[in-house]
Amino acid sequence: LEFRRVLFRSLDFRNNTYIAGGGTAVSVGILNTSTDGITWILRTSGFGTNVIYALTYGNNTYVAGGYSGRLTISTDAITWTKRSPLTTTAYSSGGTFNGQYVSDALYGVAYGTTTAYPSGLWLVAGGSGSTLYSTSGTDFRTGVKTSALYQANFIYRVRYFAGRFWLFGNNGYLAWTIDGEDIWQINSGHLVQQVNDGASDGTLLMSCASNGQLTFNHTQPGAASNDYNTWAHSQN
């Protein structure tokens with residue numbers, strides 16, 4: 001497969017392996033791996049015709065999310081397994097469990113440790129405010145308290161820093177969680193702009209949005225939720 005025919009949506013480097021995910025013009029899910037960034041091997045991702053949007057690695061498990069709520073996992077980045085529901089509260093592609101619709105595209109996934117889950121947590125998010133979380137990397141459950149907060153919007157990126165998971169989305173949406181269920185929305189300073197991503201060095205939290213907007217917040221890690229509501233615009 002020629003790379004020029006693939007629209008890559010996500011790229012990650014974990015456990016000495018590069019992983020690139022995306023799709024082709026005919027919406028075929030593509031996943032390639034490499035150990036040197038030069039020679040790439042096409043893997044069977046389990047996504048079929050669904051584009052891959054998000055990739056991450058944590059606690060010896062790779063997780064990939066994409067179109068139509070497709071979610072697969074792997075322990076070696078070679079063999080990928082689609083996750084299916086075990087109960088009516090577990091993850092399902094194209095289902096509605098606990099009022100949470102999860103058949104929309106999953107755009108972001110991250111792994112980290114928090115005070116609520118010191119052993120680690122995977123958080124996946126996407127269209128219609130869908131959030132899924134897992135403590136095992138195999139059983140993903142819906143973030144049931146999220147739908148009422150953000151069901152009409154999209155979450156485009158999930159990041160982990162400062163001991164929290166951060167969600168970035170449209171209409172100026174920026175929120176954080178430490179358990180995958182209790183989602184605290186804050187004022188991003190972007191008004192109605194689409195917030196695409198964020199980053200932090202541990203003391204400064206920044207987010208970027210459409211129309212060239214960059215905002216920052218100096219709140220220290222561990223602060224109360226409302227301390228994140230004061231944002232300033234960066235100057236170019």
# chains A, B, ... in the order shown; residues from 1 in each chain; ligands from 1
$ residues_around --residues "Gly65 (chain A)" --least-positions-apart "6" --cutoff "9 Å" --atoms "only C-alpha atoms" --output "list in words"
Phe47, Val51, Ile52, Tyr53, Ala54, Leu55, Leu71, Thr72, Ile73, Ala105, Leu106, Tyr107, Gly108, Val109, Val124 and Ala125 of chain A
$ write_last_selection --atoms "all heavy atoms" --output "tab-separated table (two decimals), in the first residue's frame"
chain	number	residue	atom	x	y	z
A	47	PHE	N	-10.40	-2.90	11.96
A	47	PHE	CA	-11.28	-1.76	11.72
A	47	PHE	C	-12.10	-1.89	10.44
A	47	PHE	O	-13.03	-1.13	10.22
A	47	PHE	CB	-10.48	-0.46	11.68
A	47	PHE	CG	-10.27	0.15	13.03
A	47	PHE	CD1	-9.38	-0.39	13.93
A	47	PHE	CD2	-11.00	1.26	13.42
A	47	PHE	CE1	-9.20	0.15	15.18
A	47	PHE	CE2	-10.83	1.82	14.67
A	47	PHE	CZ	-9.93	1.26	15.56
A	51	VAL	N	-12.24	4.22	9.52
A	51	VAL	CA	-10.98	4.97	9.66
A	51	VAL	C	-10.53	4.99	11.12
A	51	VAL	O	-11.35	5.08	12.05
A	51	VAL	CB	-11.16	6.41	9.15
A	51	VAL	CG1	-9.90	7.23	9.39
A	51	VAL	CG2	-11.51	6.39	7.68
A	52	ILE	N	-9.22	4.90	11.35
A	52	ILE	CA	-8.64	4.97	12.68
A	52	ILE	C	-8.28	6.43	12.99
A	52	ILE	O	-7.55	7.07	12.23
A	52	ILE	CB	-7.38	4.09	12.78
A	52	ILE	CG1	-7.75	2.63	12.50
A	52	ILE	CG2	-6.73	4.22	14.15
A	52	ILE	CD1	-6.54	1.73	12.33
A	53	TYR	N	-8.77	6.93	14.12
A	53	TYR	CA	-8.53	8.32	14.49
A	53	TYR	C	-7.60	8.48	15.70
A	53	TYR	O	-6.97	9.53	15.86
A	53	TYR	CB	-9.85	9.02	14.83
A	53	TYR	CG	-10.73	9.31	13.65
A	53	TYR	CD1	-11.95	8.66	13.50
A	53	TYR	CD2	-10.36	10.24	12.69
A	53	TYR	CE1	-12.77	8.92	12.41
A	53	TYR	CE2	-11.17	10.51	11.60
A	53	TYR	CZ	-12.38	9.85	11.48
A	53	TYR	OH	-13.19	10.11	10.40
A	54	ALA	N	-7.54	7.50	16.57
A	54	ALA	CA	-6.83	7.68	17.84
A	54	ALA	C	-6.03	6.45	18.22
A	54	ALA	O	-6.48	5.32	18.03
A	54	ALA	CB	-7.84	8.01	18.95
A	55	LEU	N	-4.83	6.67	18.79
A	55	LEU	CA	-3.95	5.59	19.21
A	55	LEU	C	-3.27	5.97	20.52
A	55	LEU	O	-2.91	7.14	20.72
A	55	LEU	CB	-2.87	5.32	18.15
A	55	LEU	CG	-3.32	4.82	16.79
A	55	LEU	CD1	-2.19	5.00	15.78
A	55	LEU	CD2	-3.75	3.36	16.86
A	71	LEU	N	-13.40	0.09	18.37
A	71	LEU	CA	-12.34	0.12	19.37
A	71	LEU	C	-11.64	-1.23	19.38
A	71	LEU	O	-12.29	-2.27	19.50
A	71	LEU	CB	-12.92	0.41	20.75
A	71	LEU	CG	-11.94	0.58	21.91
A	71	LEU	CD1	-11.20	1.89	21.76
A	71	LEU	CD2	-12.68	0.54	23.24
A	72	THR	N	-10.31	-1.23	19.21
A	72	THR	CA	-9.55	-2.47	19.24
A	72	THR	C	-8.36	-2.32	20.18
A	72	THR	O	-7.89	-1.21	20.45
A	72	THR	CB	-9.04	-2.88	17.84
A	72	THR	OG1	-8.14	-1.88	17.35
A	72	THR	CG2	-10.19	-3.03	16.87
A	73	ILE	N	-7.85	-3.44	20.67
A	73	ILE	CA	-6.71	-3.43	21.58
A	73	ILE	C	-5.68	-4.46	21.13
A	73	ILE	O	-5.99	-5.39	20.38
A	73	ILE	CB	-7.14	-3.73	23.03
A	73	ILE	CG1	-7.70	-5.15	23.14
A	73	ILE	CG2	-8.15	-2.71	23.52
A	73	ILE	CD1	-7.94	-5.59	24.57
A	105	ALA	N	-17.86	8.44	15.92
A	105	ALA	CA	-16.41	8.27	15.82
A	105	ALA	C	-15.74	8.55	17.15
A	105	ALA	O	-16.12	9.46	17.89
A	105	ALA	CB	-15.87	9.19	14.74
A	106	LEU	N	-14.71	7.75	17.46
A	106	LEU	CA	-13.90	7.96	18.66
A	106	LEU	C	-12.61	8.64	18.22
A	106	LEU	O	-11.77	8.06	17.56
A	106	LEU	CB	-13.61	6.61	19.33
A	106	LEU	CG	-14.86	5.84	19.78
A	106	LEU	CD1	-14.48	4.46	20.30
A	106	LEU	CD2	-15.63	6.62	20.82
A	107	TYR	N	-12.46	9.93	18.59
A	107	TYR	CA	-11.36	10.75	18.08
A	107	TYR	C	-10.15	10.80	18.99
A	107	TYR	O	-9.05	11.12	18.54
A	107	TYR	CB	-11.85	12.18	17.85
A	107	TYR	CG	-12.88	12.32	16.77
A	107	TYR	CD1	-14.19	12.71	17.06
A	107	TYR	CD2	-12.55	12.08	15.44
A	107	TYR	CE1	-15.13	12.84	16.06
A	107	TYR	CE2	-13.49	12.21	14.43
A	107	TYR	CZ	-14.79	12.59	14.75
A	107	TYR	OH	-15.73	12.73	13.77
A	108	GLY	N	-10.33	10.53	20.28
A	108	GLY	CA	-9.21	10.68	21.21
A	108	GLY	C	-9.12	9.54	22.19
A	108	GLY	O	-10.14	8.98	22.62
A	109	VAL	N	-7.90	9.18	22.57
A	109	VAL	CA	-7.68	8.15	23.58
A	109	VAL	C	-6.38	8.47	24.31
A	109	VAL	O	-5.41	8.94	23.72
A	109	VAL	CB	-7.62	6.73	22.95
A	109	VAL	CG1	-6.54	6.64	21.89
A	109	VAL	CG2	-7.42	5.67	24.02
A	124	VAL	N	-11.34	7.10	26.45
A	124	VAL	CA	-11.61	7.26	25.02
A	124	VAL	C	-12.79	8.20	24.88
A	124	VAL	O	-13.75	8.13	25.65
A	124	VAL	CB	-11.94	5.91	24.35
A	124	VAL	CG1	-11.99	6.05	22.84
A	124	VAL	CG2	-10.94	4.84	24.77
A	125	ALA	N	-12.76	9.09	23.88
A	125	ALA	CA	-13.85	10.04	23.70
A	125	ALA	C	-14.04	10.37	22.23
A	125	ALA	O	-13.14	10.16	21.41
A	125	ALA	CB	-13.60	11.32	24.49
$ atom_distance --atom1 "CA of Thr75 (chain A)" --atom2 "CA of Tyr57 (chain A)"
9.1 Å
$ residues_around --residues "Ser34 (chain A)" --least-positions-apart "4" --cutoff "10 Å" --atoms "only C-alpha atoms" --output "PDB file with N, CA, C and O atoms, in the first residue's frame"
ATOM      1  N   PHE A  13       4.356   6.917  19.350  1.00  0.00           N
ATOM      2  CA  PHE A  13       5.557   6.116  19.562  1.00  0.00           C
ATOM      3  C   PHE A  13       5.571   5.659  21.008  1.00  0.00           C
ATOM      4  O   PHE A  13       5.714   6.471  21.922  1.00  0.00           O
ATOM      5  N   ASN A  16       8.949   1.374  22.120  1.00  0.00           N
ATOM      6  CA  ASN A  16       9.906   1.195  21.025  1.00  0.00           C
ATOM      7  C   ASN A  16       9.248   0.887  19.682  1.00  0.00           C
ATOM      8  O   ASN A  16       9.873   0.287  18.802  1.00  0.00           O
ATOM      9  N   THR A  17       7.986   1.279  19.530  1.00  0.00           N
ATOM     10  CA  THR A  17       7.263   1.014  18.286  1.00  0.00           C
ATOM     11  C   THR A  17       6.495   2.248  17.833  1.00  0.00           C
ATOM     12  O   THR A  17       5.786   2.865  18.632  1.00  0.00           O
ATOM     13  N   TYR A  18       6.668   2.609  16.564  1.00  0.00           N
ATOM     14  CA  TYR A  18       5.850   3.662  15.951  1.00  0.00           C
ATOM     15  C   TYR A  18       4.560   3.020  15.436  1.00  0.00           C
ATOM     16  O   TYR A  18       4.581   1.926  14.853  1.00  0.00           O
ATOM     17  N   ILE A  19       3.432   3.711  15.639  1.00  0.00           N
ATOM     18  CA  ILE A  19       2.150   3.253  15.122  1.00  0.00           C
ATOM     19  C   ILE A  19       1.480   4.403  14.393  1.00  0.00           C
ATOM     20  O   ILE A  19       1.388   5.511  14.911  1.00  0.00           O
ATOM     21  N   ALA A  20       1.042   4.154  13.175  1.00  0.00           N
ATOM     22  CA  ALA A  20       0.345   5.159  12.373  1.00  0.00           C
ATOM     23  C   ALA A  20      -0.997   4.599  11.943  1.00  0.00           C
ATOM     24  O   ALA A  20      -1.087   3.487  11.423  1.00  0.00           O
ATOM     25  N   ILE A  38      11.373   3.941   9.347  1.00  0.00           N
ATOM     26  CA  ILE A  38      11.722   3.868   7.927  1.00  0.00           C
ATOM     27  C   ILE A  38      10.954   2.742   7.236  1.00  0.00           C
ATOM     28  O   ILE A  38      10.280   2.949   6.229  1.00  0.00           O
ATOM     29  N   THR A  39      11.070   1.547   7.799  1.00  0.00           N
ATOM     30  CA  THR A  39      10.366   0.388   7.248  1.00  0.00           C
ATOM     31  C   THR A  39       9.068   0.175   8.012  1.00  0.00           C
ATOM     32  O   THR A  39       9.080   0.018   9.243  1.00  0.00           O
ATOM     33  N   TRP A  40       7.946   0.156   7.272  1.00  0.00           N
ATOM     34  CA  TRP A  40       6.637   0.046   7.887  1.00  0.00           C
ATOM     35  C   TRP A  40       5.943  -1.238   7.443  1.00  0.00           C
ATOM     36  O   TRP A  40       6.091  -1.658   6.304  1.00  0.00           O
ATOM     37  N   ILE A  41       5.194  -1.834   8.370  1.00  0.00           N
ATOM     38  CA  ILE A  41       4.463  -3.071   8.104  1.00  0.00           C
ATOM     39  C   ILE A  41       2.974  -2.824   8.305  1.00  0.00           C
ATOM     40  O   ILE A  41       2.556  -2.300   9.349  1.00  0.00           O
ATOM     41  N   LEU A  42       2.186  -3.186   7.313  1.00  0.00           N
ATOM     42  CA  LEU A  42       0.730  -3.053   7.395  1.00  0.00           C
ATOM     43  C   LEU A  42       0.170  -4.166   8.275  1.00  0.00           C
ATOM     44  O   LEU A  42       0.446  -5.341   8.055  1.00  0.00           O
ATOM     45  N   ALA A  77       0.987  -4.693  19.251  1.00  0.00           N
ATOM     46  CA  ALA A  77       0.807  -3.809  18.086  1.00  0.00           C
ATOM     47  C   ALA A  77       0.738  -4.599  16.781  1.00  0.00           C
ATOM     48  O   ALA A  77       0.715  -4.008  15.708  1.00  0.00           O
TER      49      ALA A  77
END
$ closest_residue --among "A:Trp122, A:Trp80, A:Tyr160, A:Tyr111" --to "Ala175 (chain A)" --atoms "only C-alpha atoms"
A:Tyr160
$ closest_residue --among "A:Asn196, A:Thr24, A:Thr177, A:Ser234" --to "Leu214 (chain A)" --atoms "only C-alpha atoms"
A:Ser234
$ residues_around --residues "Asp104 (chain A)" --least-positions-apart "3" --cutoff "6 Å" --atoms "only C-alpha atoms" --output "PyMOL selection string"
chain A and resi 68-69+127
$ closest_residue --among "A:Asp182, A:Gly172, A:Ser74, A:Phe161" --to "Gly202 (chain A)" --atoms "only C-alpha atoms"
A:Phe161
$ atom_distance --atom1 "CA of Thr115 (chain A)" --atom2 "CA of Ile178 (chain A)"
7.1 Å
$ atom_distance --atom1 "CA of Arg157 (chain A)" --atom2 "CA of Asn15 (chain A)"
21.6 Å
$ decode --residues "region 46-82 of chain A" --atoms "N, CA, C and O atoms" --output "mmCIF file, in the first residue's frame"
data_model
loop_
_atom_site.group_PDB
_atom_site.id
_atom_site.type_symbol
_atom_site.label_atom_id
_atom_site.label_comp_id
_atom_site.auth_asym_id
_atom_site.auth_seq_id
_atom_site.Cartn_x
_atom_site.Cartn_y
_atom_site.Cartn_z
ATOM 1 N N GLY A 46 -8.485 -4.755 12.441
ATOM 2 C CA GLY A 46 -9.822 -5.072 12.907
ATOM 3 C C GLY A 46 -10.822 -3.959 12.676
ATOM 4 O O GLY A 46 -11.978 -4.048 13.099
ATOM 5 N N PHE A 47 -10.397 -2.899 11.962
ATOM 6 C CA PHE A 47 -11.281 -1.759 11.721
ATOM 7 C C PHE A 47 -12.096 -1.894 10.444
ATOM 8 O O PHE A 47 -13.028 -1.134 10.225
ATOM 9 N N GLY A 48 -11.737 -2.833 9.578
ATOM 10 C CA GLY A 48 -12.491 -3.010 8.341
ATOM 11 C C GLY A 48 -12.510 -1.738 7.515
ATOM 12 O O GLY A 48 -11.462 -1.203 7.159
ATOM 13 N N THR A 49 -13.705 -1.208 7.231
ATOM 14 C CA THR A 49 -13.840 0.013 6.434
ATOM 15 C C THR A 49 -13.901 1.257 7.304
ATOM 16 O O THR A 49 -14.196 2.347 6.819
ATOM 17 N N ASN A 50 -13.607 1.140 8.597
ATOM 18 C CA ASN A 50 -13.674 2.280 9.519
ATOM 19 C C ASN A 50 -12.302 2.919 9.699
ATOM 20 O O ASN A 50 -11.322 2.235 9.997
ATOM 21 N N VAL A 51 -12.240 4.224 9.525
ATOM 22 C CA VAL A 51 -10.983 4.967 9.664
ATOM 23 C C VAL A 51 -10.535 4.989 11.122
ATOM 24 O O VAL A 51 -11.352 5.083 12.046
ATOM 25 N N ILE A 52 -9.222 4.899 11.347
ATOM 26 C CA ILE A 52 -8.636 4.972 12.684
ATOM 27 C C ILE A 52 -8.276 6.425 12.988
ATOM 28 O O ILE A 52 -7.553 7.069 12.234
ATOM 29 N N TYR A 53 -8.772 6.935 14.123
ATOM 30 C CA TYR A 53 -8.526 8.324 14.490
ATOM 31 C C TYR A 53 -7.600 8.484 15.697
ATOM 32 O O TYR A 53 -6.975 9.530 15.858
ATOM 33 N N ALA A 54 -7.538 7.496 16.573
ATOM 34 C CA ALA A 54 -6.832 7.685 17.840
ATOM 35 C C ALA A 54 -6.031 6.453 18.223
ATOM 36 O O ALA A 54 -6.481 5.317 18.029
ATOM 37 N N LEU A 55 -4.831 6.671 18.786
ATOM 38 C CA LEU A 55 -3.950 5.592 19.212
ATOM 39 C C LEU A 55 -3.267 5.971 20.518
ATOM 40 O O LEU A 55 -2.908 7.136 20.721
ATOM 41 N N THR A 56 -3.080 5.001 21.388
ATOM 42 C CA THR A 56 -2.275 5.234 22.586
ATOM 43 C C THR A 56 -1.764 3.906 23.119
ATOM 44 O O THR A 56 -2.139 2.833 22.625
ATOM 45 N N TYR A 57 -0.920 3.975 24.147
ATOM 46 C CA TYR A 57 -0.345 2.776 24.767
ATOM 47 C C TYR A 57 -0.208 3.022 26.263
ATOM 48 O O TYR A 57 0.165 4.118 26.693
ATOM 49 N N GLY A 58 -0.524 2.025 27.060
ATOM 50 C CA GLY A 58 -0.334 2.121 28.495
ATOM 51 C C GLY A 58 -0.467 0.768 29.155
ATOM 52 O O GLY A 58 -1.284 -0.066 28.746
ATOM 53 N N ASN A 59 0.359 0.523 30.154
ATOM 54 C CA ASN A 59 0.298 -0.716 30.935
ATOM 55 C C ASN A 59 0.268 -1.953 30.035
ATOM 56 O O ASN A 59 -0.571 -2.844 30.195
ATOM 57 N N ASN A 60 1.179 -1.978 29.064
ATOM 58 C CA ASN A 60 1.365 -3.109 28.151
ATOM 59 C C ASN A 60 0.193 -3.347 27.202
ATOM 60 O O ASN A 60 0.024 -4.462 26.679
ATOM 61 N N THR A 61 -0.621 -2.317 26.961
ATOM 62 C CA THR A 61 -1.761 -2.464 26.066
ATOM 63 C C THR A 61 -1.866 -1.282 25.121
ATOM 64 O O THR A 61 -1.850 -0.130 25.558
ATOM 65 N N TYR A 62 -1.951 -1.561 23.820
ATOM 66 C CA TYR A 62 -2.231 -0.541 22.810
ATOM 67 C C TYR A 62 -3.749 -0.453 22.628
ATOM 68 O O TYR A 62 -4.435 -1.478 22.644
ATOM 69 N N VAL A 63 -4.248 0.758 22.437
ATOM 70 C CA VAL A 63 -5.674 0.964 22.200
ATOM 71 C C VAL A 63 -5.838 1.855 20.975
ATOM 72 O O VAL A 63 -5.167 2.878 20.843
ATOM 73 N N ALA A 64 -6.746 1.458 20.069
ATOM 74 C CA ALA A 64 -7.038 2.237 18.870
ATOM 75 C C ALA A 64 -8.537 2.507 18.807
ATOM 76 O O ALA A 64 -9.347 1.623 19.060
ATOM 77 N N GLY A 65 -8.898 3.754 18.463
ATOM 78 C CA GLY A 65 -10.303 4.125 18.335
ATOM 79 C C GLY A 65 -10.549 4.754 16.984
ATOM 80 O O GLY A 65 -9.637 5.325 16.373
ATOM 81 N N GLY A 66 -11.791 4.662 16.495
ATOM 82 C CA GLY A 66 -12.050 5.222 15.180
ATOM 83 C C GLY A 66 -13.517 5.386 14.852
ATOM 84 O O GLY A 66 -14.377 5.504 15.735
ATOM 85 N N TYR A 67 -13.789 5.391 13.557
ATOM 86 C CA TYR A 67 -15.126 5.666 13.040
ATOM 87 C C TYR A 67 -16.122 4.589 13.463
ATOM 88 O O TYR A 67 -15.756 3.438 13.692
ATOM 89 N N SER A 68 -17.388 5.012 13.583
ATOM 90 C CA SER A 68 -18.489 4.113 13.972
ATOM 91 C C SER A 68 -18.278 3.489 15.342
ATOM 92 O O SER A 68 -18.782 2.405 15.630
ATOM 93 N N GLY A 69 -17.517 4.163 16.205
ATOM 94 C CA GLY A 69 -17.307 3.664 17.553
ATOM 95 C C GLY A 69 -16.434 2.440 17.650
ATOM 96 O O GLY A 69 -16.419 1.766 18.675
ATOM 97 N N ARG A 70 -15.677 2.130 16.594
ATOM 98 C CA ARG A 70 -14.829 0.937 16.606
ATOM 99 C C ARG A 70 -13.670 1.126 17.585
ATOM 100 O O ARG A 70 -13.024 2.170 17.618
ATOM 101 N N LEU A 71 -13.400 0.091 18.372
ATOM 102 C CA LEU A 71 -12.337 0.123 19.371
ATOM 103 C C LEU A 71 -11.639 -1.225 19.376
ATOM 104 O O LEU A 71 -12.287 -2.265 19.500
ATOM 105 N N THR A 72 -10.309 -1.228 19.209
ATOM 106 C CA THR A 72 -9.551 -2.470 19.239
ATOM 107 C C THR A 72 -8.365 -2.315 20.181
ATOM 108 O O THR A 72 -7.894 -1.207 20.448
ATOM 109 N N ILE A 73 -7.853 -3.442 20.672
ATOM 110 C CA ILE A 73 -6.714 -3.431 21.584
ATOM 111 C C ILE A 73 -5.682 -4.456 21.128
ATOM 112 O O ILE A 73 -5.985 -5.386 20.380
ATOM 113 N N SER A 74 -4.443 -4.271 21.606
ATOM 114 C CA SER A 74 -3.363 -5.195 21.259
ATOM 115 C C SER A 74 -2.293 -5.132 22.335
ATOM 116 O O SER A 74 -2.075 -4.079 22.954
ATOM 117 N N THR A 75 -1.606 -6.224 22.562
ATOM 118 C CA THR A 75 -0.494 -6.244 23.507
ATOM 119 C C THR A 75 0.855 -6.156 22.806
ATOM 120 O O THR A 75 1.880 -5.955 23.469
ATOM 121 N N ASP A 76 0.862 -6.301 21.465
ATOM 122 C CA ASP A 76 2.126 -6.285 20.734
ATOM 123 C C ASP A 76 2.110 -5.382 19.496
ATOM 124 O O ASP A 76 3.096 -5.326 18.760
ATOM 125 N N ALA A 77 0.987 -4.693 19.251
ATOM 126 C CA ALA A 77 0.807 -3.809 18.086
ATOM 127 C C ALA A 77 0.738 -4.599 16.781
ATOM 128 O O ALA A 77 0.715 -4.008 15.708
ATOM 129 N N ILE A 78 0.684 -5.908 16.856
ATOM 130 C CA ILE A 78 0.621 -6.763 15.671
ATOM 131 C C ILE A 78 -0.761 -7.400 15.534
ATOM 132 O O ILE A 78 -1.414 -7.288 14.500
ATOM 133 N N THR A 79 -1.200 -8.069 16.574
ATOM 134 C CA THR A 79 -2.517 -8.709 16.588
ATOM 135 C C THR A 79 -3.488 -7.837 17.362
ATOM 136 O O THR A 79 -3.257 -7.531 18.542
ATOM 137 N N TRP A 80 -4.588 -7.437 16.689
ATOM 138 C CA TRP A 80 -5.553 -6.514 17.286
ATOM 139 C C TRP A 80 -6.893 -7.202 17.473
ATOM 140 O O TRP A 80 -7.333 -7.965 16.622
ATOM 141 N N THR A 81 -7.551 -6.918 18.609
ATOM 142 C CA THR A 81 -8.814 -7.558 18.953
ATOM 143 C C THR A 81 -9.893 -6.508 19.182
ATOM 144 O O THR A 81 -9.691 -5.562 19.963
ATOM 145 N N LYS A 82 -11.033 -6.687 18.521
ATOM 146 C CA LYS A 82 -12.150 -5.773 18.712
ATOM 147 C C LYS A 82 -12.814 -6.066 20.049
ATOM 148 O O LYS A 82 -13.000 -7.207 20.423
#
